[in-house]
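With mmCIF, N, CA and C atoms inside, this is run.cif:
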```
data_coords
#
loop_
_atom_site.group_PDB
_atom_site.id
_atom_site.type_symbol
_atom_site.label_atom_id
_atom_site.label_comp_id
_atom_site.auth_asym_id
_atom_site.auth_seq_id
_atom_site.Cartn_x
_atom_site.Cartn_y
_atom_site.Cartn_z
ATOM 1 N N MET A 1 3.315 3.661 -68.608
ATOM 2 C CA MET A 1 2.243 3.115 -67.820
ATOM 3 C C MET A 1 1.009 3.998 -68.006
ATOM 4 N N LYS A 2 -0.108 3.366 -68.225
ATOM 5 C CA LYS A 2 -1.334 4.109 -68.465
ATOM 6 C C LYS A 2 -1.819 4.781 -67.184
ATOM 7 N N SER A 3 -2.596 5.827 -67.378
ATOM 8 C CA SER A 3 -3.108 6.553 -66.218
ATOM 9 C C SER A 3 -4.111 5.711 -65.444
ATOM 10 N N GLU A 4 -4.819 4.796 -66.121
ATOM 11 C CA GLU A 4 -5.770 3.918 -65.422
ATOM 12 C C GLU A 4 -5.049 3.041 -64.408
ATOM 13 N N ILE A 5 -3.903 2.541 -64.799
ATOM 14 C CA ILE A 5 -3.117 1.683 -63.906
ATOM 15 C C ILE A 5 -2.612 2.501 -62.721
ATOM 16 N N LYS A 6 -2.148 3.708 -62.978
ATOM 17 C CA LYS A 6 -1.672 4.567 -61.888
ATOM 18 C C LYS A 6 -2.800 4.892 -60.919
ATOM 19 N N LYS A 7 -4.004 5.121 -61.442
ATOM 20 C CA LYS A 7 -5.153 5.388 -60.578
ATOM 21 C C LYS A 7 -5.461 4.189 -59.691
ATOM 22 N N CYS A 8 -5.318 2.994 -60.250
ATOM 23 C CA CYS A 8 -5.558 1.782 -59.457
ATOM 24 C C CYS A 8 -4.532 1.664 -58.331
ATOM 25 N N TYR A 9 -3.262 1.942 -58.639
ATOM 26 C CA TYR A 9 -2.235 1.918 -57.594
ATOM 27 C C TYR A 9 -2.548 2.948 -56.513
ATOM 28 N N ARG A 10 -2.956 4.141 -56.919
ATOM 29 C CA ARG A 10 -3.279 5.191 -55.939
ATOM 30 C C ARG A 10 -4.502 4.819 -55.112
ATOM 31 N N TYR A 11 -5.524 4.258 -55.761
ATOM 32 C CA TYR A 11 -6.748 3.919 -55.041
ATOM 33 C C TYR A 11 -6.480 2.848 -53.986
ATOM 34 N N LEU A 12 -5.662 1.871 -54.337
ATOM 35 C CA LEU A 12 -5.332 0.824 -53.373
ATOM 36 C C LEU A 12 -4.194 1.233 -52.440
ATOM 37 N N ASP A 13 -3.635 2.414 -52.658
ATOM 38 C CA ASP A 13 -2.561 2.957 -51.826
ATOM 39 C C ASP A 13 -1.370 1.993 -51.791
ATOM 40 N N LEU A 14 -0.924 1.610 -52.977
ATOM 41 C CA LEU A 14 0.201 0.692 -53.114
ATOM 42 C C LEU A 14 1.347 1.377 -53.841
ATOM 43 N N PRO A 15 2.598 1.011 -53.507
ATOM 44 C CA PRO A 15 3.721 1.535 -54.290
ATOM 45 C C PRO A 15 3.719 0.910 -55.683
ATOM 46 N N LEU A 16 4.377 1.547 -56.613
ATOM 47 C CA LEU A 16 4.355 1.097 -57.999
ATOM 48 C C LEU A 16 5.151 -0.184 -58.233
ATOM 49 N N ASP A 17 5.925 -0.619 -57.263
ATOM 50 C CA ASP A 17 6.677 -1.866 -57.416
ATOM 51 C C ASP A 17 6.065 -3.006 -56.595
ATOM 52 N N SER A 18 4.758 -2.967 -56.383
ATOM 53 C CA SER A 18 4.069 -3.992 -55.603
ATOM 54 C C SER A 18 3.983 -5.309 -56.364
ATOM 55 N N THR A 19 4.001 -6.398 -55.611
ATOM 56 C CA THR A 19 3.862 -7.724 -56.201
ATOM 57 C C THR A 19 2.397 -8.144 -56.186
ATOM 58 N N LYS A 20 2.121 -9.297 -56.779
ATOM 59 C CA LYS A 20 0.747 -9.806 -56.805
ATOM 60 C C LYS A 20 0.251 -10.087 -55.389
ATOM 61 N N ASP A 21 1.127 -10.586 -54.532
ATOM 62 C CA ASP A 21 0.731 -10.866 -53.146
ATOM 63 C C ASP A 21 0.365 -9.579 -52.411
ATOM 64 N N ASP A 22 1.111 -8.503 -52.663
ATOM 65 C CA ASP A 22 0.796 -7.210 -52.046
ATOM 66 C C ASP A 22 -0.584 -6.723 -52.467
ATOM 67 N N VAL A 23 -0.900 -6.882 -53.749
ATOM 68 C CA VAL A 23 -2.192 -6.437 -54.269
ATOM 69 C C VAL A 23 -3.323 -7.247 -53.646
ATOM 70 N N LYS A 24 -3.146 -8.567 -53.586
ATOM 71 C CA LYS A 24 -4.191 -9.426 -53.010
ATOM 72 C C LYS A 24 -4.406 -9.123 -51.530
ATOM 73 N N LEU A 25 -3.310 -8.912 -50.804
ATOM 74 C CA LEU A 25 -3.413 -8.600 -49.383
ATOM 75 C C LEU A 25 -4.124 -7.265 -49.166
ATOM 76 N N ARG A 26 -3.756 -6.276 -49.957
ATOM 77 C CA ARG A 26 -4.389 -4.959 -49.820
ATOM 78 C C ARG A 26 -5.878 -5.031 -50.168
ATOM 79 N N GLN A 27 -6.220 -5.844 -51.172
ATOM 80 C CA GLN A 27 -7.614 -6.013 -51.556
ATOM 81 C C GLN A 27 -8.409 -6.600 -50.390
ATOM 82 N N LYS A 28 -7.884 -7.648 -49.757
ATOM 83 C CA LYS A 28 -8.578 -8.273 -48.629
ATOM 84 C C LYS A 28 -8.757 -7.298 -47.475
ATOM 85 N N VAL A 29 -7.709 -6.551 -47.177
ATOM 86 C CA VAL A 29 -7.763 -5.609 -46.055
ATOM 87 C C VAL A 29 -8.793 -4.511 -46.316
ATOM 88 N N MET A 30 -8.794 -3.957 -47.534
ATOM 89 C CA MET A 30 -9.745 -2.878 -47.833
ATOM 90 C C MET A 30 -11.186 -3.383 -47.814
ATOM 91 N N ILE A 31 -11.419 -4.600 -48.303
ATOM 92 C CA ILE A 31 -12.778 -5.143 -48.281
ATOM 93 C C ILE A 31 -13.232 -5.383 -46.848
ATOM 94 N N LYS A 32 -12.346 -5.901 -46.000
ATOM 95 C CA LYS A 32 -12.700 -6.101 -44.592
ATOM 96 C C LYS A 32 -13.009 -4.774 -43.910
ATOM 97 N N MET A 33 -12.226 -3.749 -44.224
ATOM 98 C CA MET A 33 -12.473 -2.430 -43.631
ATOM 99 C C MET A 33 -13.822 -1.872 -44.077
ATOM 100 N N LEU A 34 -14.142 -2.021 -45.362
ATOM 101 C CA LEU A 34 -15.411 -1.510 -45.872
ATOM 102 C C LEU A 34 -16.600 -2.276 -45.294
ATOM 103 N N ARG A 35 -16.452 -3.584 -45.124
ATOM 104 C CA ARG A 35 -17.542 -4.364 -44.523
ATOM 105 C C ARG A 35 -17.751 -3.989 -43.067
ATOM 106 N N ALA A 36 -16.668 -3.771 -42.340
ATOM 107 C CA ALA A 36 -16.785 -3.349 -40.947
ATOM 108 C C ALA A 36 -17.421 -1.960 -40.867
ATOM 109 N N LYS A 37 -17.054 -1.096 -41.770
ATOM 110 C CA LYS A 37 -17.630 0.247 -41.814
ATOM 111 C C LYS A 37 -19.121 0.182 -42.141
ATOM 112 N N ALA A 38 -19.496 -0.755 -43.034
ATOM 113 C CA ALA A 38 -20.906 -0.919 -43.403
ATOM 114 C C ALA A 38 -21.721 -1.398 -42.213
ATOM 115 N N ILE A 39 -21.182 -2.318 -41.435
ATOM 116 C CA ILE A 39 -21.895 -2.812 -40.258
ATOM 117 C C ILE A 39 -22.010 -1.711 -39.209
ATOM 118 N N ASP A 40 -20.938 -0.961 -39.037
ATOM 119 C CA ASP A 40 -20.925 0.097 -38.026
ATOM 120 C C ASP A 40 -21.885 1.226 -38.361
ATOM 121 N N LYS A 41 -21.933 1.648 -39.615
ATOM 122 C CA LYS A 41 -22.751 2.801 -40.009
ATOM 123 C C LYS A 41 -24.084 2.410 -40.627
ATOM 124 N N HIS A 42 -24.337 1.127 -40.769
ATOM 125 C CA HIS A 42 -25.587 0.634 -41.359
ATOM 126 C C HIS A 42 -25.819 1.215 -42.749
ATOM 127 N N LYS A 43 -24.758 1.224 -43.555
ATOM 128 C CA LYS A 43 -24.846 1.709 -44.931
ATOM 129 C C LYS A 43 -24.369 0.620 -45.874
ATOM 130 N N ASN A 44 -24.648 0.810 -47.137
ATOM 131 C CA ASN A 44 -24.251 -0.136 -48.161
ATOM 132 C C ASN A 44 -22.997 0.379 -48.867
ATOM 133 N N TYR A 45 -21.944 -0.401 -48.834
ATOM 134 C CA TYR A 45 -20.679 -0.026 -49.464
ATOM 135 C C TYR A 45 -20.337 -0.959 -50.625
ATOM 136 N N ASP A 46 -21.358 -1.463 -51.314
ATOM 137 C CA ASP A 46 -21.127 -2.397 -52.418
ATOM 138 C C ASP A 46 -20.379 -1.749 -53.575
ATOM 139 N N LYS A 47 -20.649 -0.487 -53.865
ATOM 140 C CA LYS A 47 -19.956 0.180 -54.975
ATOM 141 C C LYS A 47 -18.464 0.321 -54.681
ATOM 142 N N GLU A 48 -18.143 0.668 -53.444
ATOM 143 C CA GLU A 48 -16.733 0.807 -53.080
ATOM 144 C C GLU A 48 -16.028 -0.546 -53.127
ATOM 145 N N ILE A 49 -16.723 -1.606 -52.683
ATOM 146 C CA ILE A 49 -16.138 -2.946 -52.724
ATOM 147 C C ILE A 49 -15.918 -3.374 -54.172
ATOM 148 N N GLU A 50 -16.858 -3.047 -55.044
ATOM 149 C CA GLU A 50 -16.687 -3.352 -56.469
ATOM 150 C C GLU A 50 -15.485 -2.620 -57.044
ATOM 151 N N ARG A 51 -15.321 -1.360 -56.639
ATOM 152 C CA ARG A 51 -14.184 -0.581 -57.142
ATOM 153 C C ARG A 51 -12.860 -1.167 -56.660
ATOM 154 N N VAL A 52 -12.825 -1.615 -55.406
ATOM 155 C CA VAL A 52 -11.615 -2.257 -54.878
ATOM 156 C C VAL A 52 -11.313 -3.519 -55.673
ATOM 157 N N ASN A 53 -12.348 -4.333 -55.905
ATOM 158 C CA ASN A 53 -12.151 -5.572 -56.672
ATOM 159 C C ASN A 53 -11.704 -5.275 -58.097
ATOM 160 N N PHE A 54 -12.314 -4.286 -58.736
ATOM 161 C CA PHE A 54 -11.939 -3.921 -60.102
ATOM 162 C C PHE A 54 -10.492 -3.438 -60.160
ATOM 163 N N SER A 55 -10.111 -2.574 -59.216
ATOM 164 C CA SER A 55 -8.735 -2.061 -59.192
ATOM 165 C C SER A 55 -7.736 -3.188 -58.970
ATOM 166 N N ALA A 56 -8.049 -4.088 -58.046
ATOM 167 C CA ALA A 56 -7.141 -5.192 -57.750
ATOM 168 C C ALA A 56 -7.014 -6.125 -58.956
ATOM 169 N N LEU A 57 -8.124 -6.445 -59.603
ATOM 170 C CA LEU A 57 -8.063 -7.321 -60.770
ATOM 171 C C LEU A 57 -7.313 -6.666 -61.929
ATOM 172 N N THR A 58 -7.501 -5.364 -62.087
ATOM 173 C CA THR A 58 -6.773 -4.640 -63.130
ATOM 174 C C THR A 58 -5.272 -4.688 -62.870
ATOM 175 N N LEU A 59 -4.880 -4.478 -61.615
ATOM 176 C CA LEU A 59 -3.455 -4.517 -61.281
ATOM 177 C C LEU A 59 -2.886 -5.923 -61.415
ATOM 178 N N LEU A 60 -3.642 -6.922 -61.003
ATOM 179 C CA LEU A 60 -3.164 -8.296 -61.134
ATOM 180 C C LEU A 60 -2.967 -8.664 -62.604
ATOM 181 N N ASP A 61 -3.885 -8.236 -63.449
ATOM 182 C CA ASP A 61 -3.755 -8.484 -64.883
ATOM 183 C C ASP A 61 -2.544 -7.742 -65.448
ATOM 184 N N PHE A 62 -2.344 -6.495 -65.016
ATOM 185 C CA PHE A 62 -1.202 -5.700 -65.472
ATOM 186 C C PHE A 62 0.114 -6.354 -65.055
ATOM 187 N N ILE A 63 0.168 -6.843 -63.804
ATOM 188 C CA ILE A 63 1.391 -7.484 -63.314
ATOM 189 C C ILE A 63 1.634 -8.793 -64.056
ATOM 190 N N ASP A 64 0.560 -9.530 -64.388
ATOM 191 C CA ASP A 64 0.723 -10.767 -65.158
ATOM 192 C C ASP A 64 1.332 -10.493 -66.533
ATOM 193 N N LYS A 65 0.854 -9.440 -67.176
ATOM 194 C CA LYS A 65 1.319 -9.131 -68.532
ATOM 195 C C LYS A 65 2.694 -8.489 -68.557
ATOM 196 N N ASN A 66 2.953 -7.568 -67.631
ATOM 197 C CA ASN A 66 4.176 -6.761 -67.678
ATOM 198 C C ASN A 66 5.183 -7.085 -66.590
ATOM 199 N N GLY A 67 4.804 -7.866 -65.610
ATOM 200 C CA GLY A 67 5.699 -8.174 -64.500
ATOM 201 C C GLY A 67 5.713 -7.041 -63.481
ATOM 202 N N VAL A 68 6.412 -7.280 -62.407
ATOM 203 C CA VAL A 68 6.531 -6.272 -61.348
ATOM 204 C C VAL A 68 7.425 -5.152 -61.854
ATOM 205 N N GLN A 69 6.979 -3.923 -61.676
ATOM 206 C CA GLN A 69 7.734 -2.767 -62.150
ATOM 207 C C GLN A 69 8.946 -2.524 -61.259
ATOM 208 N N GLU A 70 9.991 -1.999 -61.850
ATOM 209 C CA GLU A 70 11.207 -1.707 -61.100
ATOM 210 C C GLU A 70 11.028 -0.430 -60.296
ATOM 211 N N ALA A 71 11.555 -0.436 -59.086
ATOM 212 C CA ALA A 71 11.410 0.731 -58.217
ATOM 213 C C ALA A 71 12.221 1.913 -58.727
ATOM 214 N N GLU A 72 13.354 1.668 -59.375
ATOM 215 C CA GLU A 72 14.205 2.758 -59.836
ATOM 216 C C GLU A 72 13.549 3.597 -60.913
ATOM 217 N N LYS A 73 12.654 2.995 -61.678
ATOM 218 C CA LYS A 73 11.985 3.727 -62.739
ATOM 219 C C LYS A 73 11.166 4.892 -62.207
ATOM 220 N N PHE A 74 10.656 4.737 -61.014
ATOM 221 C CA PHE A 74 9.717 5.700 -60.475
ATOM 222 C C PHE A 74 10.314 6.520 -59.341
ATOM 223 N N SER A 75 11.607 6.510 -59.226
ATOM 224 C CA SER A 75 12.267 7.285 -58.188
ATOM 225 C C SER A 75 12.348 8.747 -58.624
ATOM 226 N N PHE A 76 11.925 9.629 -57.759
ATOM 227 C CA PHE A 76 11.954 11.051 -58.077
ATOM 228 C C PHE A 76 13.016 11.774 -57.260
ATOM 229 N N ARG A 77 14.044 11.055 -56.895
ATOM 230 C CA ARG A 77 15.134 11.671 -56.142
ATOM 231 C C ARG A 77 15.996 12.498 -57.087
ATOM 232 N N PRO A 78 16.312 13.724 -56.704
ATOM 233 C CA PRO A 78 17.136 14.560 -57.585
ATOM 234 C C PRO A 78 18.597 14.111 -57.538
ATOM 235 N N SER A 79 19.280 14.344 -58.626
ATOM 236 C CA SER A 79 20.701 14.017 -58.664
ATOM 237 C C SER A 79 21.494 15.179 -58.066
ATOM 238 N N ILE A 80 22.770 14.962 -57.858
ATOM 239 C CA ILE A 80 23.642 16.007 -57.306
ATOM 240 C C ILE A 80 23.705 17.198 -58.251
ATOM 241 N N GLN A 81 23.737 16.947 -59.563
ATOM 242 C CA GLN A 81 23.792 18.036 -60.538
ATOM 243 C C GLN A 81 22.528 18.892 -60.454
ATOM 244 N N ASP A 82 21.370 18.267 -60.250
ATOM 245 C CA ASP A 82 20.123 19.031 -60.117
ATOM 246 C C ASP A 82 20.156 19.928 -58.883
ATOM 247 N N ILE A 83 20.668 19.395 -57.784
ATOM 248 C CA ILE A 83 20.742 20.184 -56.546
ATOM 249 C C ILE A 83 21.705 21.349 -56.720
ATOM 250 N N TYR A 84 22.878 21.101 -57.313
ATOM 251 C CA TYR A 84 23.834 22.186 -57.553
ATOM 252 C C TYR A 84 23.235 23.250 -58.479
ATOM 253 N N GLY A 85 22.508 22.834 -59.479
ATOM 254 C CA GLY A 85 21.867 23.784 -60.393
ATOM 255 C C GLY A 85 20.850 24.651 -59.685
ATOM 256 N N GLU A 86 20.055 24.033 -58.798
ATOM 257 C CA GLU A 86 19.064 24.818 -58.060
ATOM 258 C C GLU A 86 19.718 25.779 -57.073
ATOM 259 N N VAL A 87 20.782 25.352 -56.418
ATOM 260 C CA VAL A 87 21.505 26.230 -55.486
ATOM 261 C C VAL A 87 22.131 27.391 -56.256
ATOM 262 N N PHE A 88 22.712 27.125 -57.411
ATOM 263 C CA PHE A 88 23.300 28.178 -58.235
ATOM 264 C C PHE A 88 22.229 29.175 -58.694
ATOM 265 N N THR A 89 21.073 28.669 -59.108
ATOM 266 C CA THR A 89 19.973 29.548 -59.522
ATOM 267 C C THR A 89 19.495 30.407 -58.356
ATOM 268 N N LEU A 90 19.385 29.809 -57.182
ATOM 269 C CA LEU A 90 18.982 30.567 -55.995
ATOM 270 C C LEU A 90 20.003 31.656 -55.680
ATOM 271 N N PHE A 91 21.273 31.339 -55.794
ATOM 272 C CA PHE A 91 22.338 32.309 -55.543
ATOM 273 C C PHE A 91 22.239 33.482 -56.519
ATOM 274 N N ILE A 92 22.009 33.200 -57.796
ATOM 275 C CA ILE A 92 21.868 34.253 -58.807
ATOM 276 C C ILE A 92 20.652 35.121 -58.491
ATOM 277 N N LEU A 93 19.548 34.507 -58.102
ATOM 278 C CA LEU A 93 18.344 35.274 -57.767
ATOM 279 C C LEU A 93 18.573 36.179 -56.557
ATOM 280 N N ILE A 94 19.284 35.703 -55.565
ATOM 281 C CA ILE A 94 19.581 36.527 -54.385
ATOM 282 C C ILE A 94 20.439 37.717 -54.792
ATOM 283 N N ILE A 95 21.416 37.504 -55.643
ATOM 284 C CA ILE A 95 22.273 38.607 -56.110
ATOM 285 C C ILE A 95 21.443 39.621 -56.891
ATOM 286 N N LEU A 96 20.552 39.140 -57.777
ATOM 287 C CA LEU A 96 19.707 40.057 -58.547
ATOM 288 C C LEU A 96 18.773 40.863 -57.647
ATOM 289 N N CYS A 97 18.190 40.209 -56.644
ATOM 290 C CA CYS A 97 17.289 40.929 -55.724
ATOM 291 C C CYS A 97 18.075 41.972 -54.924
ATOM 292 N N ALA A 98 19.234 41.609 -54.432
ATOM 293 C CA ALA A 98 20.053 42.542 -53.649
ATOM 294 C C ALA A 98 20.503 43.724 -54.517
ATOM 295 N N THR A 99 20.880 43.457 -55.766
ATOM 296 C CA THR A 99 21.314 44.514 -56.663
ATOM 297 C C THR A 99 20.165 45.456 -56.976
ATOM 298 N N SER A 100 18.978 44.906 -57.291
ATOM 299 C CA SER A 100 17.847 45.802 -57.585
ATOM 300 C C SER A 100 17.423 46.588 -56.346
ATOM 301 N N PHE A 101 17.530 46.004 -55.163
ATOM 302 C CA PHE A 101 17.212 46.742 -53.945
ATOM 303 C C PHE A 101 18.175 47.896 -53.758
ATOM 304 N N LEU A 102 19.481 47.644 -53.975
ATOM 305 C CA LEU A 102 20.468 48.705 -53.822
ATOM 306 C C LEU A 102 20.298 49.796 -54.876
ATOM 307 N N ILE A 103 19.887 49.443 -56.073
ATOM 308 C CA ILE A 103 19.659 50.433 -57.134
ATOM 309 C C ILE A 103 18.463 51.317 -56.794
ATOM 310 N N LEU A 104 17.438 50.730 -56.193
ATOM 311 C CA LEU A 104 16.234 51.500 -55.848
ATOM 312 C C LEU A 104 16.449 52.438 -54.668
ATOM 313 N N ILE A 105 17.430 52.165 -53.841
ATOM 314 C CA ILE A 105 17.702 53.021 -52.681
ATOM 315 C C ILE A 105 18.401 54.245 -53.107
#
```

Go ahead and render the structure in this file as structure tokens.
Amino acid sequence: MKSEIKKCYRYLDLPLDSTKDDVKLRQKVMIKMLRAKAIDKHKNYDKEIERVNFSALTLLDFIDKNGVQEAEKFSFRPSIQDIYGEVFTLFILIILCATSFLILI
């Protein structure tokens, strides 16, 4: 997945397995929020609205071409072997620190 697509997902604050309906809904919500903010602060938020529209259209095009991404592809959960390896490494480091402390005394 290209970094541009990932930036669009991050900007719209969507998970990587979002559907087209999720993207459209998020686009509407963000535009409504920006318009309300513009009325409240008397500022122009046209650039931000354009960026929301661009990000949403980019994601919709990406989903049309590639389909909805699988959630398992982007899972960063460690496996049991990874956890055991880290615990073993921590145990070795504690032994090395304790041994060097005792040698220095």

Test item: residues at most 10 Å from segment 4-13 of chain A, only C-alpha atoms, excluding those fewer than 4 positions along its chain, as a PDB file with N, CA and C atoms, in the frame of the given file:
```pdb
ATOM      1  N   ASP A  17       5.925  -0.619 -57.263  1.00  0.00           N
ATOM      2  CA  ASP A  17       6.677  -1.866 -57.416  1.00  0.00           C
ATOM      3  C   ASP A  17       6.065  -3.006 -56.595  1.00  0.00           C
ATOM      4  N   SER A  18       4.758  -2.967 -56.383  1.00  0.00           N
ATOM      5  CA  SER A  18       4.069  -3.992 -55.603  1.00  0.00           C
ATOM      6  C   SER A  18       3.983  -5.309 -56.364  1.00  0.00           C
ATOM      7  N   VAL A  23      -0.900  -6.882 -53.749  1.00  0.00           N
ATOM      8  CA  VAL A  23      -2.192  -6.437 -54.269  1.00  0.00           C
ATOM      9  C   VAL A  23      -3.323  -7.247 -53.646  1.00  0.00           C
ATOM     10  N   ARG A  26      -3.756  -6.276 -49.957  1.00  0.00           N
ATOM     11  CA  ARG A  26      -4.389  -4.959 -49.820  1.00  0.00           C
ATOM     12  C   ARG A  26      -5.878  -5.031 -50.168  1.00  0.00           C
ATOM     13  N   GLN A  27      -6.220  -5.844 -51.172  1.00  0.00           N
ATOM     14  CA  GLN A  27      -7.614  -6.013 -51.556  1.00  0.00           C
ATOM     15  C   GLN A  27      -8.409  -6.600 -50.390  1.00  0.00           C
ATOM     16  N   MET A  30      -8.794  -3.957 -47.534  1.00  0.00           N
ATOM     17  CA  MET A  30      -9.745  -2.878 -47.833  1.00  0.00           C
ATOM     18  C   MET A  30     -11.186  -3.383 -47.814  1.00  0.00           C
ATOM     19  N   ARG A  51     -15.321  -1.360 -56.639  1.00  0.00           N
ATOM     20  CA  ARG A  51     -14.184  -0.581 -57.142  1.00  0.00           C
ATOM     21  C   ARG A  51     -12.860  -1.167 -56.660  1.00  0.00           C
ATOM     22  N   VAL A  52     -12.825  -1.615 -55.406  1.00  0.00           N
ATOM     23  CA  VAL A  52     -11.615  -2.257 -54.878  1.00  0.00           C
ATOM     24  C   VAL A  52     -11.313  -3.519 -55.673  1.00  0.00           C
ATOM     25  N   ASN A  53     -12.348  -4.333 -55.905  1.00  0.00           N
ATOM     26  CA  ASN A  53     -12.151  -5.572 -56.672  1.00  0.00           C
ATOM     27  C   ASN A  53     -11.704  -5.275 -58.097  1.00  0.00           C
ATOM     28  N   PHE A  54     -12.314  -4.286 -58.736  1.00  0.00           N
ATOM     29  CA  PHE A  54     -11.939  -3.921 -60.102  1.00  0.00           C
ATOM     30  C   PHE A  54     -10.492  -3.438 -60.160  1.00  0.00           C
ATOM     31  N   SER A  55     -10.111  -2.574 -59.216  1.00  0.00           N
ATOM     32  CA  SER A  55      -8.735  -2.061 -59.192  1.00  0.00           C
ATOM     33  C   SER A  55      -7.736  -3.188 -58.970  1.00  0.00           C
ATOM     34  N   ALA A  56      -8.049  -4.088 -58.046  1.00  0.00           N
ATOM     35  CA  ALA A  56      -7.141  -5.192 -57.750  1.00  0.00           C
ATOM     36  C   ALA A  56      -7.014  -6.125 -58.956  1.00  0.00           C
ATOM     37  N   LEU A  57      -8.124  -6.445 -59.603  1.00  0.00           N
ATOM     38  CA  LEU A  57      -8.063  -7.321 -60.770  1.00  0.00           C
ATOM     39  C   LEU A  57      -7.313  -6.666 -61.929  1.00  0.00           C
ATOM     40  N   THR A  58      -7.501  -5.364 -62.087  1.00  0.00           N
ATOM     41  CA  THR A  58      -6.773  -4.640 -63.130  1.00  0.00           C
ATOM     42  C   THR A  58      -5.272  -4.688 -62.870  1.00  0.00           C
ATOM     43  N   LEU A  59      -4.880  -4.478 -61.615  1.00  0.00           N
ATOM     44  CA  LEU A  59      -3.455  -4.517 -61.281  1.00  0.00           C
ATOM     45  C   LEU A  59      -2.886  -5.923 -61.415  1.00  0.00           C
ATOM     46  N   PHE A  62      -2.344  -6.495 -65.016  1.00  0.00           N
ATOM     47  CA  PHE A  62      -1.202  -5.700 -65.472  1.00  0.00           C
ATOM     48  C   PHE A  62       0.114  -6.354 -65.055  1.00  0.00           C
TER      49      PHE A  62
END
```

Next item on the list: Would you return as a VMD selection string the members of segment 16-68 of chain A that DSSP assigns to alpha helix (DSSP H) on this structure's backbone?
Entry: chain A and resid 20 to 41 46 to 66

Next item on the list: Measure the distance from atom CA of Asp61 of chain A to atom C of Ile49 of chain A in Å and round it to one decimal.
Entry: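 Atom C of Ile49 of chain A lies 17.0 Å from atom CA of Asp61 of chain A.
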
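Counting all atoms listed in the file, the residue from A:Glu48, A:Lys2, A:Phe88, A:Gln69 that sits nearest to Leu34 of chain A is A:Glu48.
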
Next item on the list: In Å, rounded to a single decimal, give me how far atom CA of Lys20 of chain A is from atom CA of Val68 of chain A.
Entry: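 Between these atoms lies a distance of 8.2 Å.
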
Please return the centre and edge lengths, in Å to one decimal, of a box with edges along x, y and z that contains all listed atoms of segment 38-51 of chain A, widened by 4 Å on every side, as AutoDock Vina command-line options.
```
--center_x -19.3 --center_y -0.3 --center_z -47.6 --size_x 21.0 --size_y 14.2 --size_z 27.1
```

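We find atom C of Asp46 of chain A and atom CA of Ile31 of chain A to be spaced 9.9 Å apart.
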
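If you measure from each of A:Leu60, A:Ile92, A:Val87, A:Ile80 to Lys24 of chain A using only N, CA and C atoms, the closest one turns out to be A:Leu60.
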